[in-house]
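Engineer: Structure incoming, see below.
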Amino acid sequence: MKKIDKPWGHEEVLLEDYCLVKRLVLHDETSTHYHVQRNEVLIPVSGSGVIVLGNNTVSLQPLVPVFVPVGTVHRIVPHTSLVIIEVSDKNIDDVVRVSDKHHRV
């Protein structure tokens with residue numbers, strides 16, 4: 001398993017094959033970003049927080065998946081330590097950051 005440290009926590013790559021599956025552990029918010037080519041399904045496992053999808057804010061509920069289509073601007077904001085399983089249909093680096101409190105834009 002590959003662990004990648006991020007300013008907001010870390011991600012663990014669980015599967016890199018016909019899709020990409022990661023375990024995200026968030027202690028701070030992600031950048032506001034979108035993906036050029038890939039869809040994501042986010043499945044909260046533990047903790048609490050919200051995802052901002054465009055102009056809508058959605059509360060993250062354990063085991064209730066959230067679909068993030070290609071091109072949708074989004075940001076995850078944890079209220080507590082938050083664990084999410086992320087499933088993407090492609091394993092490519094296509095992140096376009098719109099804004100980032102961690103200065104990665």
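Here, A, B, ... name the chains of the structure tokens in the order displayed, residue numbers run from 1 inside each chain, and ligands are numbered from 1 in the same displayed order.
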Would you kindly return, as a PyMOL selection string, each protein, DNA or RNA residue with an atom no farther than 7 Å from any atom of segment 18-33 of chain A, considering only C-alpha atoms and excluding same-chain residues fewer than 3 positions away?
Structural biologist: chain A and resi 8-15+73-78+80-91+95-101
Engineer: For the selection just defined, write its residues with C-alpha atoms to a file, as an mmCIF file, in the first residue's frame.
Structural biologist:
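What follows is the written file part-v3.cif:
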```cif
data_model
loop_
_atom_site.group_PDB
_atom_site.id
_atom_site.type_symbol
_atom_site.label_atom_id
_atom_site.label_comp_id
_atom_site.auth_asym_id
_atom_site.auth_seq_id
_atom_site.Cartn_x
_atom_site.Cartn_y
_atom_site.Cartn_z
ATOM 1 C CA TRP A 8 -4.782 18.103 4.681
ATOM 2 C CA GLY A 9 -3.805 14.620 5.962
ATOM 3 C CA HIS A 10 -2.856 11.633 3.810
ATOM 4 C CA GLU A 11 -4.123 9.165 1.257
ATOM 5 C CA GLU A 12 -3.450 5.460 0.955
ATOM 6 C CA VAL A 13 -3.675 3.824 -2.462
ATOM 7 C CA LEU A 14 -5.587 0.554 -2.027
ATOM 8 C CA LEU A 15 -6.045 -0.439 -5.681
ATOM 9 C CA VAL A 73 -15.613 21.988 -8.728
ATOM 10 C CA HIS A 74 -15.458 20.540 -5.215
ATOM 11 C CA ARG A 75 -13.770 20.726 -1.818
ATOM 12 C CA ILE A 76 -13.983 18.487 1.256
ATOM 13 C CA VAL A 77 -14.150 20.185 4.656
ATOM 14 C CA PRO A 78 -13.816 17.887 7.690
ATOM 15 C CA THR A 80 -13.590 16.109 12.803
ATOM 16 C CA SER A 81 -10.971 13.674 11.604
ATOM 17 C CA LEU A 82 -12.654 12.268 8.498
ATOM 18 C CA VAL A 83 -12.009 8.985 6.675
ATOM 19 C CA ILE A 84 -13.318 8.571 3.127
ATOM 20 C CA ILE A 85 -12.965 5.789 0.574
ATOM 21 C CA GLU A 86 -12.534 7.357 -2.858
ATOM 22 C CA VAL A 87 -13.178 5.368 -6.038
ATOM 23 C CA SER A 88 -12.173 6.938 -9.360
ATOM 24 C CA ASP A 89 -12.844 5.545 -12.802
ATOM 25 C CA LYS A 90 -9.374 6.448 -14.033
ATOM 26 C CA ASN A 91 -5.919 6.510 -12.479
ATOM 27 C CA VAL A 95 -6.428 17.747 -10.722
ATOM 28 C CA VAL A 96 -6.971 21.420 -11.569
ATOM 29 C CA ARG A 97 -6.820 23.527 -8.403
ATOM 30 C CA VAL A 98 -9.017 26.619 -8.337
ATOM 31 C CA SER A 99 -7.952 27.756 -4.848
ATOM 32 C CA ASP A 100 -5.974 26.235 -1.997
ATOM 33 C CA LYS A 101 -5.339 27.440 1.550
#
```
Engineer: If you run DSSP on this backbone, which residues of chain A come out as strand (DSSP E), and could you give them as a PyMOL selection string?
Structural biologist: chain A and resi 2-6+9-16+20-26+32-35+40-46+49-53+56-60+66-68+74-78+82-88+95-99
Engineer: Taking only C-alpha atoms into account, name the residue in A:Leu63, A:Val68, A:Arg38, A:Asp17 that is nearest to Ile51 of chain A.
Structural biologist: A:Val68
Engineer: Find the distance between atom CA of His79 of chain A and atom CA of Gln61 of chain A and write it in Å to one decimal.
Structural biologist: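 Going from atom CA of His79 of chain A over to atom CA of Gln61 of chain A, I get 12.1 Å.
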Engineer: Set the distance at 6 Å and use only C-alpha atoms: which residues neighbour His35 of chain A once local chain neighbours fewer than 6 positions away are removed? I'd like the list as a PyMOL selection string.
Structural biologist: chain A and resi 70-71+94-95
Engineer: What's the separation between atom CA of Asn56 of chain A and atom CA of Asn39 of chain A, in Å to one decimal place?
Structural biologist: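 According to the coordinates, atom CA of Asn56 of chain A and atom CA of Asn39 of chain A are separated by 17.8 Å.
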Engineer: I need the residue nearest Ile43 of chain A from this list: A:Val58, A:Ile4, A:Val64, A:Val105. Use only C-alpha atoms for the distance.
Structural biologist: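 Of A:Val58, A:Ile4, A:Val64, A:Val105, the one nearest Ile43 of chain A, counting only C-alpha atoms, is A:Val64.
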Engineer: Using only C-alpha atoms, pick whichever of A:Glu40, A:His103, A:Phe67, A:Thr72 has the shortest atom-to-atom distance to Leu53 of chain A.
Structural biologist: A:Thr72
Engineer: Distance atom CA of Gln37 of chain A-atom CA of Ile92 of chain A, one decimal place?
Structural biologist: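 Taking atom CA of Gln37 of chain A as the start and atom CA of Ile92 of chain A as the end point, the length is 8.1 Å.
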Engineer: Which one of A:Tyr34, A:Met1, A:Pro62, A:Lys6 sits closest to Ser46 of chain A if you count only C-alpha atoms?
Structural biologist: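 Residue with the minimum atom-to-atom distance to Ser46 of chain A: A:Pro62.
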